[in-house]
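**Student:** Structure file structure_11.tsv (TSV, C-alpha atoms) is given on the next line.
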```tsv
chain	number	residue	atom	x	y	z
A	1	MET	CA	-42.24	37.86	-2.93
A	2	PRO	CA	-41.17	34.21	-2.45
A	3	LEU	CA	-43.65	31.43	-3.06
A	4	ASP	CA	-45.11	29.69	-0.04
A	5	ASN	CA	-43.72	26.25	0.84
A	6	LYS	CA	-46.68	24.43	-0.65
A	7	SER	CA	-46.02	25.66	-4.16
A	8	GLN	CA	-42.29	26.41	-4.17
A	9	ALA	CA	-40.07	23.84	-5.87
A	10	LEU	CA	-37.59	21.97	-3.74
A	11	ASN	CA	-33.94	23.00	-3.96
A	12	SER	CA	-31.20	20.44	-4.68
A	13	LEU	CA	-31.02	19.48	-0.99
A	14	GLY	CA	-34.75	18.87	-0.76
A	15	PHE	CA	-35.93	22.04	0.98
A	16	ALA	CA	-38.74	24.30	-0.16
A	17	LYS	CA	-36.71	27.49	0.00
A	18	THR	CA	-33.89	29.14	-1.86
A	19	PRO	CA	-30.30	27.90	-1.44
A	20	SER	CA	-29.33	31.18	0.24
A	21	GLU	CA	-31.97	30.53	2.91
A	22	THR	CA	-30.69	26.98	3.47
A	23	ARG	CA	-27.80	26.49	5.89
A	24	VAL	CA	-25.75	23.33	5.44
A	25	VAL	CA	-22.85	22.16	7.57
A	26	VAL	CA	-20.26	20.26	5.54
A	27	ALA	CA	-18.03	17.76	7.35
A	28	MET	CA	-14.63	18.53	5.80
A	29	SER	CA	-11.74	16.06	6.17
A	30	GLY	CA	-9.39	18.08	4.00
A	31	GLY	CA	-9.64	15.57	1.16
A	32	VAL	CA	-10.94	16.14	-2.34
A	33	ASP	CA	-14.36	14.51	-1.77
A	34	SER	CA	-15.65	16.68	1.07
A	35	SER	CA	-13.93	19.73	-0.45
A	36	VAL	CA	-15.89	19.27	-3.68
A	37	VAL	CA	-19.14	18.92	-1.73
A	38	ALA	CA	-18.50	22.17	0.12
A	39	ALA	CA	-17.40	24.02	-3.02
A	40	GLN	CA	-20.34	22.81	-5.08
A	41	LEU	CA	-22.89	23.82	-2.44
A	42	ALA	CA	-21.22	27.19	-1.98
A	43	GLU	CA	-21.28	27.81	-5.74
A	44	GLU	CA	-24.99	26.90	-5.80
A	45	GLY	CA	-25.57	29.66	-3.27
A	46	TYR	CA	-26.15	27.68	-0.09
A	47	ASP	CA	-25.23	29.09	3.32
A	48	VAL	CA	-22.27	26.74	3.84
A	49	VAL	CA	-20.40	26.22	7.10
A	50	GLY	CA	-17.36	23.94	6.97
A	51	ILE	CA	-16.32	21.94	10.03
A	52	THR	CA	-13.20	19.81	10.42
A	53	LEU	CA	-12.67	17.53	13.38
A	54	GLN	CA	-9.31	17.22	15.08
A	55	LEU	CA	-9.53	13.61	16.17
A	56	TYR	CA	-6.13	12.85	17.66
A	57	ASP	CA	-2.91	14.51	18.79
A	58	HIS	CA	-2.26	17.40	16.42
A	59	GLY	CA	1.50	17.47	16.95
A	60	ALA	CA	1.90	13.79	16.16
A	61	ALA	CA	-0.45	14.08	13.21
A	62	LEU	CA	1.78	16.53	11.40
A	63	ALA	CA	4.20	13.76	10.51
A	64	LYS	CA	1.52	11.34	9.29
A	65	LYS	CA	1.37	11.89	5.57
A	66	GLY	CA	-1.98	11.06	4.02
A	67	ALA	CA	-3.83	10.58	7.31
A	68	CYS	CA	-7.36	11.91	7.69
A	69	CYS	CA	-7.67	14.96	9.93
A	70	ALA	CA	-3.92	15.35	10.32
A	71	GLY	CA	-2.42	18.86	10.49
A	72	ARG	CA	-2.04	19.10	6.72
A	73	ASP	CA	-5.65	18.08	6.19
A	74	ILE	CA	-6.94	20.72	8.58
A	75	HIS	CA	-4.90	23.28	6.66
A	76	ASP	CA	-6.27	22.02	3.34
A	77	ALA	CA	-9.88	22.21	4.53
A	78	ARG	CA	-9.37	25.75	5.80
A	79	ARG	CA	-7.77	26.76	2.50
A	80	VAL	CA	-10.73	25.43	0.49
A	81	ALA	CA	-13.10	27.43	2.70
A	82	GLU	CA	-11.05	30.56	2.06
A	83	GLU	CA	-11.00	29.89	-1.68
A	84	MET	CA	-14.79	29.46	-1.81
A	85	GLY	CA	-15.63	32.18	0.69
A	86	PHE	CA	-17.47	30.36	3.49
A	87	PRO	CA	-16.68	30.07	7.22
A	88	HIS	CA	-14.69	27.11	8.52
A	89	TYR	CA	-14.20	25.83	12.06
A	90	VAL	CA	-11.96	23.20	13.62
A	91	LEU	CA	-13.45	21.32	16.57
A	92	ASP	CA	-11.30	19.42	19.06
A	93	TYR	CA	-12.90	15.98	19.37
A	94	GLU	CA	-9.72	14.23	20.48
A	95	ASN	CA	-11.07	13.01	23.84
A	96	VAL	CA	-14.39	11.93	22.32
A	97	PHE	CA	-12.62	10.07	19.52
A	98	ARG	CA	-10.29	8.25	21.89
A	99	ASP	CA	-13.12	7.19	24.20
A	100	ALA	CA	-15.58	6.25	21.44
A	101	VAL	CA	-13.28	4.77	18.81
A	102	ILE	CA	-9.60	4.22	19.60
A	103	ASP	CA	-10.03	2.51	22.99
A	104	GLU	CA	-12.64	0.12	21.64
A	105	PHE	CA	-10.44	-0.60	18.63
A	106	ALA	CA	-7.62	-1.66	20.94
A	107	GLU	CA	-9.88	-3.73	23.21
A	108	SER	CA	-11.56	-5.47	20.28
A	109	TYR	CA	-8.26	-6.32	18.63
A	110	LEU	CA	-6.92	-7.67	21.91
A	111	GLY	CA	-10.06	-9.76	22.23
A	112	GLY	CA	-9.30	-11.53	18.96
A	113	ALA	CA	-11.71	-9.47	16.86
A	114	THR	CA	-11.04	-7.57	13.66
A	115	PRO	CA	-12.58	-4.15	14.36
A	116	VAL	CA	-13.66	-1.53	11.81
A	117	PRO	CA	-13.07	1.81	13.57
A	118	CYS	CA	-14.26	3.89	10.60
A	119	ILE	CA	-17.80	2.62	11.19
A	120	ARG	CA	-17.66	3.49	14.88
A	121	CYS	CA	-16.32	6.94	14.02
A	122	ASN	CA	-19.26	7.63	11.71
A	123	GLU	CA	-21.71	6.19	14.24
A	124	ARG	CA	-20.39	7.73	17.45
A	125	VAL	CA	-18.63	10.92	16.38
A	126	LYS	CA	-19.49	12.28	12.93
A	127	PHE	CA	-23.16	11.30	12.80
A	128	LYS	CA	-23.72	11.86	16.52
A	129	ASP	CA	-21.72	14.68	18.10
A	130	LEU	CA	-20.94	16.53	14.88
A	131	LEU	CA	-24.52	16.18	13.69
A	132	GLU	CA	-25.74	17.68	16.97
A	133	THR	CA	-23.28	20.54	16.52
A	134	ALA	CA	-24.74	21.16	13.07
A	135	LYS	CA	-28.20	21.39	14.61
A	136	ASP	CA	-26.88	23.78	17.27
A	137	LEU	CA	-25.68	25.98	14.39
A	138	GLU	CA	-29.28	25.94	13.11
A	139	ALA	CA	-28.27	24.14	9.93
A	140	ASP	CA	-31.04	22.60	7.86
A	141	CYS	CA	-28.86	19.57	7.10
A	142	MET	CA	-25.32	18.17	7.20
A	143	ALA	CA	-23.51	17.07	4.04
A	144	THR	CA	-20.53	14.74	3.71
A	145	GLY	CA	-18.27	13.47	0.95
A	146	HIS	CA	-19.23	9.83	1.37
A	147	TYR	CA	-20.01	7.80	-1.73
A	148	ILE	CA	-23.50	6.64	-0.92
A	149	GLN	CA	-27.00	7.71	-1.93
A	150	ARG	CA	-29.95	8.97	0.06
A	151	MET	CA	-33.29	8.55	-1.69
A	152	VAL	CA	-36.77	9.38	-0.47
A	153	GLY	CA	-39.16	6.42	-0.64
A	154	ASP	CA	-42.78	5.88	0.30
A	155	THR	CA	-42.03	5.72	4.03
A	156	GLY	CA	-39.19	8.25	4.19
A	157	PRO	CA	-35.47	8.54	3.41
A	158	GLU	CA	-33.69	5.36	2.27
A	159	LEU	CA	-30.01	4.44	2.12
A	160	HIS	CA	-28.73	3.24	-1.27
A	161	SER	CA	-25.37	2.17	-2.63
A	162	ALA	CA	-23.34	4.64	-4.67
A	163	VAL	CA	-23.58	4.49	-8.45
A	164	ASP	CA	-19.84	3.80	-8.61
A	165	ALA	CA	-19.55	0.34	-7.03
A	166	GLY	CA	-15.80	0.76	-6.75
A	167	ARG	CA	-16.21	3.80	-4.48
A	168	ASP	CA	-19.34	2.69	-2.62
A	169	GLN	CA	-19.03	3.24	1.16
A	170	SER	CA	-22.28	1.65	2.26
A	171	TYR	CA	-20.42	-0.96	4.35
A	172	PHE	CA	-19.08	1.83	6.56
A	173	LEU	CA	-22.41	3.61	6.92
A	174	PHE	CA	-24.83	0.77	7.73
A	175	SER	CA	-25.36	2.05	11.29
A	176	THR	CA	-26.81	5.36	10.08
A	177	THR	CA	-30.23	5.57	11.70
A	178	ALA	CA	-33.45	6.63	10.02
A	179	GLU	CA	-33.45	9.82	12.09
A	180	GLN	CA	-29.89	10.67	11.07
A	181	LEU	CA	-30.68	9.87	7.45
A	182	SER	CA	-33.43	12.50	7.49
A	183	TYR	CA	-30.81	15.14	8.31
A	184	LEU	CA	-27.86	13.93	6.19
A	185	ARG	CA	-27.06	14.58	2.54
A	186	PHE	CA	-24.52	12.79	0.30
A	187	PRO	CA	-24.04	14.86	-2.88
A	188	LEU	CA	-21.39	12.58	-4.47
A	189	GLY	CA	-23.29	9.28	-4.41
A	190	HIS	CA	-24.69	9.69	-7.93
A	191	LEU	CA	-21.30	10.25	-9.62
A	192	SER	CA	-20.09	7.46	-11.86
A	193	SER	CA	-16.38	7.72	-10.96
A	194	LYS	CA	-13.79	9.44	-8.81
A	195	ALA	CA	-12.56	11.10	-12.01
A	196	GLU	CA	-15.79	13.11	-12.03
A	197	THR	CA	-15.08	14.30	-8.49
A	198	ARG	CA	-11.58	15.42	-9.41
A	199	ALA	CA	-12.92	17.13	-12.52
A	200	LEU	CA	-15.28	19.13	-10.31
A	201	ALA	CA	-12.40	20.02	-7.99
A	202	SER	CA	-10.48	21.35	-10.99
A	203	LYS	CA	-13.55	23.23	-12.20
A	204	TYR	CA	-13.80	25.02	-8.84
A	205	GLY	CA	-10.03	25.65	-8.83
A	206	LEU	CA	-9.51	23.79	-5.56
A	207	SER	CA	-5.96	23.36	-4.30
A	208	VAL	CA	-6.75	19.74	-3.32
A	209	ALA	CA	-7.85	18.67	-6.83
A	210	ASP	CA	-4.90	16.28	-7.22
A	211	LYS	CA	-4.51	15.32	-3.56
A	212	PRO	CA	-4.09	11.51	-3.15
A	213	ASP	CA	-6.77	9.55	-1.30
A	214	SER	CA	-6.01	8.33	2.20
A	215	GLN	CA	-5.81	4.53	2.22
A	216	ASP	CA	-5.39	3.76	5.92
A	217	ILE	CA	-7.26	4.20	9.18
A	218	CYS	CA	-6.60	7.82	10.21
A	219	PHE	CA	-4.82	6.98	13.47
A	220	VAL	CA	-2.93	4.06	11.85
A	221	PRO	CA	-1.59	5.84	8.74
A	222	ASP	CA	1.11	3.26	8.01
A	223	GLY	CA	-1.23	0.27	8.42
A	224	ASN	CA	0.74	-1.06	11.41
A	225	TYR	CA	-2.14	-1.88	13.79
A	226	ALA	CA	0.09	-3.87	16.12
A	227	ALA	CA	2.40	-0.92	16.84
A	228	VAL	CA	-0.53	1.35	17.71
A	229	ILE	CA	-2.17	-1.22	19.98
A	230	GLU	CA	1.11	-2.04	21.70
A	231	LYS	CA	1.53	1.67	22.45
A	232	LEU	CA	-2.00	1.89	23.87
A	233	ARG	CA	-1.87	-1.48	25.66
A	234	PRO	CA	1.77	-2.46	26.37
A	235	GLU	CA	0.65	-5.80	27.79
A	236	ALA	CA	-0.73	-6.76	24.37
A	237	ALA	CA	2.62	-8.09	23.18
A	238	SER	CA	2.56	-10.98	25.66
A	239	PRO	CA	4.08	-14.08	24.03
A	240	GLY	CA	2.14	-17.32	23.70
A	241	ASP	CA	1.70	-20.50	21.74
A	242	ILE	CA	0.61	-21.21	18.21
A	243	VAL	CA	-1.58	-24.30	18.45
A	244	ASP	CA	-3.55	-26.47	16.06
A	245	MET	CA	-7.28	-27.06	16.40
A	246	ASP	CA	-6.64	-29.95	18.81
A	247	GLY	CA	-4.52	-27.80	21.09
A	248	ASN	CA	-1.14	-29.20	20.04
A	249	VAL	CA	1.64	-26.62	20.28
A	250	LEU	CA	3.26	-25.93	16.92
A	251	GLY	CA	5.34	-22.87	17.78
A	252	GLY	CA	5.43	-19.58	19.62
A	253	HIS	CA	4.50	-15.95	18.94
A	254	ASN	CA	5.20	-12.47	20.35
A	255	GLY	CA	1.59	-11.37	20.80
A	256	VAL	CA	-1.80	-12.10	19.25
A	257	ILE	CA	-1.92	-8.50	18.01
A	258	HIS	CA	0.48	-9.49	15.22
A	259	TYR	CA	-2.05	-11.90	13.65
A	260	THR	CA	-5.37	-11.67	11.84
A	261	ILE	CA	-8.04	-14.24	10.99
A	262	GLY	CA	-7.24	-15.93	7.68
A	263	GLN	CA	-3.52	-15.09	7.78
A	264	ARG	CA	-1.27	-17.66	6.14
A	265	ARG	CA	2.17	-16.08	5.76
A	266	GLY	CA	4.50	-15.15	8.57
A	267	LEU	CA	3.35	-17.81	11.04
A	268	GLY	CA	6.87	-19.11	11.61
A	269	ILE	CA	5.85	-22.77	11.63
A	270	GLY	CA	7.25	-24.03	8.33
A	271	GLY	CA	8.03	-27.62	7.44
A	272	LEU	CA	4.42	-28.78	7.42
A	273	GLU	CA	3.00	-30.66	4.47
A	274	ASP	CA	-0.20	-28.60	4.16
A	275	PRO	CA	-0.49	-24.81	4.57
A	276	LEU	CA	-2.09	-23.54	7.77
A	277	TYR	CA	-4.18	-20.44	8.36
A	278	VAL	CA	-5.09	-18.45	11.45
A	279	ILE	CA	-8.52	-19.73	12.48
A	280	LYS	CA	-8.97	-18.03	15.84
A	281	LEU	CA	-7.23	-15.61	18.19
A	282	ASP	CA	-7.63	-16.41	21.88
A	283	ALA	CA	-6.43	-13.33	23.75
A	284	ASP	CA	-7.19	-14.74	27.22
A	285	SER	CA	-4.90	-17.74	26.77
A	286	HIS	CA	-2.52	-15.85	24.43
A	287	GLN	CA	-3.03	-18.54	21.80
A	288	VAL	CA	-3.07	-18.28	18.02
A	289	VAL	CA	-5.15	-21.19	16.69
A	290	VAL	CA	-4.29	-22.42	13.19
A	291	GLY	CA	-5.88	-24.97	10.89
A	292	PRO	CA	-6.58	-25.92	7.28
A	293	LYS	CA	-8.22	-23.49	4.87
A	294	GLU	CA	-11.57	-25.27	5.02
A	295	ALA	CA	-11.77	-24.48	8.75
A	296	LEU	CA	-12.14	-20.81	7.80
A	297	SER	CA	-15.46	-21.44	6.06
A	298	THR	CA	-18.51	-20.12	7.89
A	299	ARG	CA	-22.19	-20.49	7.07
A	300	ILE	CA	-23.94	-19.32	10.27
A	301	ILE	CA	-23.08	-15.84	11.56
A	302	PRO	CA	-24.36	-14.39	14.85
A	303	VAL	CA	-25.05	-10.65	14.52
A	304	ARG	CA	-26.03	-8.09	17.15
A	305	GLU	CA	-26.41	-4.29	17.56
A	306	ILE	CA	-28.54	-4.38	14.42
A	307	ASN	CA	-29.63	-1.12	12.82
A	308	TRP	CA	-32.65	-1.95	10.67
A	309	LEU	CA	-33.62	0.41	7.83
A	310	GLY	CA	-36.50	-1.57	6.34
A	311	ASP	CA	-40.01	-0.21	5.85
A	312	THR	CA	-41.53	-2.65	8.37
A	313	PRO	CA	-40.20	-3.72	11.79
A	314	PHE	CA	-37.30	-6.16	11.81
A	315	GLU	CA	-39.24	-8.73	13.84
A	316	SER	CA	-42.33	-8.53	11.62
A	317	LYS	CA	-41.08	-11.50	9.57
A	318	PRO	CA	-39.40	-14.74	10.66
A	319	GLU	CA	-36.95	-14.54	7.76
A	320	TRP	CA	-35.54	-11.88	5.48
A	321	HIS	CA	-34.01	-12.98	2.18
A	322	VAL	CA	-31.28	-10.46	1.38
A	323	ALA	CA	-27.65	-10.22	0.31
A	324	VAL	CA	-24.97	-9.50	2.93
A	325	LYS	CA	-21.41	-8.21	3.01
A	326	VAL	CA	-19.14	-9.53	5.76
A	327	ARG	CA	-16.09	-7.54	4.65
A	328	SER	CA	-15.90	-4.20	2.89
A	329	THR	CA	-13.87	-5.61	0.00
A	330	ARG	CA	-16.21	-8.51	-0.79
A	331	PRO	CA	-19.37	-8.43	-2.91
A	332	PRO	CA	-22.77	-9.04	-1.28
A	333	ARG	CA	-23.70	-12.73	-1.04
A	334	ASP	CA	-27.18	-14.26	-0.78
A	335	ALA	CA	-28.28	-14.94	2.78
A	336	ILE	CA	-31.23	-15.45	5.10
A	337	ILE	CA	-31.60	-13.29	8.22
A	338	ARG	CA	-33.57	-14.79	11.11
A	339	PRO	CA	-34.40	-12.18	13.77
A	340	ILE	CA	-33.89	-13.17	17.41
A	341	SER	CA	-34.83	-9.74	18.77
A	342	ALA	CA	-35.08	-6.20	17.42
A	343	THR	CA	-31.28	-5.91	17.49
A	344	GLU	CA	-30.01	-9.50	17.23
A	345	ALA	CA	-30.19	-12.17	14.53
A	346	GLU	CA	-28.71	-15.27	13.01
A	347	VAL	CA	-27.51	-14.88	9.44
A	348	GLU	CA	-27.24	-17.95	7.24
A	349	LEU	CA	-25.03	-17.66	4.18
A	350	LEU	CA	-26.29	-19.73	1.26
A	351	VAL	CA	-22.67	-20.25	0.23
A	352	PRO	CA	-20.10	-20.41	3.08
A	353	GLU	CA	-17.58	-17.55	3.35
A	354	GLU	CA	-13.97	-17.79	4.45
A	355	GLY	CA	-12.41	-15.57	7.08
A	356	VAL	CA	-15.59	-14.27	8.71
A	357	SER	CA	-14.36	-12.56	11.86
A	358	PRO	CA	-15.89	-11.13	15.04
A	359	GLY	CA	-15.64	-7.35	15.04
A	360	GLN	CA	-16.50	-7.03	11.36
A	361	ALA	CA	-19.83	-5.69	10.16
A	362	CYS	CA	-22.51	-7.71	8.39
A	363	VAL	CA	-24.39	-5.32	6.11
A	364	PHE	CA	-27.79	-6.11	4.57
A	365	TYR	CA	-28.56	-5.35	0.90
A	366	ASP	CA	-31.73	-5.67	-1.14
A	367	THR	CA	-31.27	-8.30	-3.84
A	368	ASP	CA	-33.48	-6.41	-6.34
A	369	SER	CA	-32.24	-2.83	-5.95
A	370	SER	CA	-29.42	-0.65	-4.62
A	371	ARG	CA	-31.11	-0.25	-1.24
A	372	ILE	CA	-29.37	-1.01	2.06
A	373	PHE	CA	-31.45	-2.40	4.92
A	374	GLY	CA	-28.87	-1.66	7.62
A	375	GLY	CA	-26.73	-4.29	9.30
A	376	GLY	CA	-25.10	-5.36	12.54
A	377	TRP	CA	-21.88	-6.52	14.17
A	378	ILE	CA	-20.49	-10.04	13.93
A	379	TRP	CA	-19.65	-11.52	17.33
A	380	ARG	CA	-19.01	-14.62	19.42
A	381	GLY	CA	-16.30	-16.23	17.37
A	382	CYS	CA	-18.48	-17.46	14.51
```
Let me see whether you can do it: turn the structure in this file into structure tokens.
**Tutor:**
Amino acid sequence: MPLDNKSQALNSLGFAKTPSETRVVVAMSGGVDSSVVAAQLAEEGYDVVGITLQLYDHGAALAKKGACCAGRDIHDARRVAEEMGFPHYVLDYENVFRDAVIDEFAESYLGGATPVPCIRCNERVKFKDLLETAKDLEADCMATGHYIQRMVGDTGPELHSAVDAGRDQSYFLFSTTAEQLSYLRFPLGHLSSKAETRALASKYGLSVADKPDSQDICFVPDGNYAAVIEKLRPEAASPGDIVDMDGNVLGGHNGVIHYTIGQRRGLGIGGLEDPLYVIKLDADSHQVVVGPKEALSTRIIPVREINWLGDTPFESKPEWHVAVKVRSTRPPRDAIIRPISATEAEVELLVPEEGVSPGQACVFYDTDSSRIFGGGWIWRGC
């Protein structure tokens, strides 16, 4: 006779019932991380259901080595499910992914921004549509292979950075809402290194134990953003002028899509005494604006679409003293957030940053712990 919920200990996923009574949907990309999550939960006796999303053209994906959700990855996810003895399904989300992620990526890039489609994919596809599918399957929760931690605090679930700072994916998950966080689980966030993950894959005898990590955006596997955008928006390669900050023409270009904020090399305007950097991309006038390195420095950052994960309302204080990340590869820097509304704010960096670009995320971190307070999107040219 099982104990009642009031006295029964919680299982490893936080439910007061046995693992076999707990259904968990695992989002499986075909990589080693999500495969280990699924295998570990299956070994612990959970009722595991694996789901892999087909996010773009399957035929084209077959030739894209190392790309997330490509044909090989779907095969690898299915094979892991067979090895561990749990059901696995492939869902066609190609139209959803194009509408919610790829089209905005192209439009943002054309607008002179530097988009982060992986965040939009988590926000609009994996943690929205896939999460709803998990609920339709009557799963108690959904687990992923992301390196981030979910902890339960005094007011409910909290988002925390991964133990391994080198693998931490908090920048890409800042838009996870409190409601979603209640349903999600991240079993790898406490591991100290990727070596531990691969060791677990070997322990479970998984065929993907030595599979390389994917380094690129899934639909841009070779890192050539310009080629993808030109295919989606042929007009994007319109030529224009390279101008200085006073509007003087210094040269020409074959499309703003070939440039990024902060770029120094490949401008094609040699012979100048001081190096120049891309300061701004003006898609409407087809201009690439260049200037000295100091022109890249930014102290005040406008942020909108804020997802706040604090214990009290965002507007309950005139200022929040936190640390922020403005790029995934940079460490958090001290800042002050001044709310304008529940979803909009001005962020002041205590030390100016270079290369802050519209389209990037600004993620909020507690200065005294590993907790993440959410974040928002940088906009309006900074």
**Student:** With distances taken over only C-alpha atoms, which residue among A:Gln180, A:Asn11, A:Thr18, A:Gln54 lies nearest A:Glu132?
**Tutor:**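 Nearest to A:Glu132: A:Gln180.
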**Student:** Would you kindly return, as a list in words, each protein, DNA or RNA residue with an atom no farther than 6 Å from any atom of A:Thr52, considering only C-alpha atoms and excluding same-chain residues fewer than 2 positions away?
**Tutor:** Met28, Ser29 and Val90 of chain A
**Student:** Between stretch 77-137 of chain A and stretch 192-208 of chain A, at 8 Å or less, what are the per-residue closest atom pairs and their distances in Å? Count all atoms listed in the file, order by chain and rising residue number, and return it as a tab-separated table.
**Tutor:**
```
residue	atom	partner	partner_atom	distance
A:Arg79	CA	A:Ser207	CA	7.8
A:Val80	CA	A:Leu206	CA	6.4
A:Glu83	CA	A:Leu206	CA	7.4
```
**Student:** Contacts of stretch 150-162 of chain A at 6 Å or less, counting all atoms listed in the file, minus same-chain residues fewer than 6 places along, as a PyMOL selection string?
**Tutor:** chain A and resi 168+170+189+370-372
**Student:** Need the shell around A:Ser357: protein/DNA/RNA residues with any atom at most 12 Å away, counting all atoms listed in the file. Skip same-chain ones fewer than 6 positions apart. Format as a PyMOL selection string?
**Tutor:** chain A and resi 108-109+111-116+260-263+278-281+296-298+300-303+326-327+377-382
**Student:** How many Å separate atom CA of A:Thr367 from atom CA of A:Glu319?
**Tutor:**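 Distance reported for this atom pair: 14.3 Å.
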**Student:** Considering all atoms listed in the file, return as number ranges by chain whatever protein or nucleic-acid residues lie within 8 Å of A:Gly30, sequence-local ones (same chain, fewer than 6 positions apart) excluded.
**Tutor:** A: 52, 68-69, 72-78, 208
**Student:** Using all atoms listed in the file for the distances, tell me which of A:Val36, A:Leu131, A:Leu53, A:Ile269 is nearest to A:Tyr183.
**Tutor:**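 Among the listed residues, the smallest separation from A:Tyr183 belongs to A:Leu131.
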**Student:** Could you jot down the atom CA of A:Gln287 to atom CA of A:Val243 separation for me, Å, one decimal place?
**Tutor:**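 Computing it gives 6.8 Å between the two atoms.
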**Student:** For A:Ala81, please output as a list in words all residues within 9 Å (counting only C-alpha atoms; exclusion window: fewer than 5 positions along the same chain).
**Tutor:**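 Close residues of A:Ala81: Ser35, Ala38, Ala39, Val49, Gly50, Asp76, Phe86, Pro87 and His88 of chain A.
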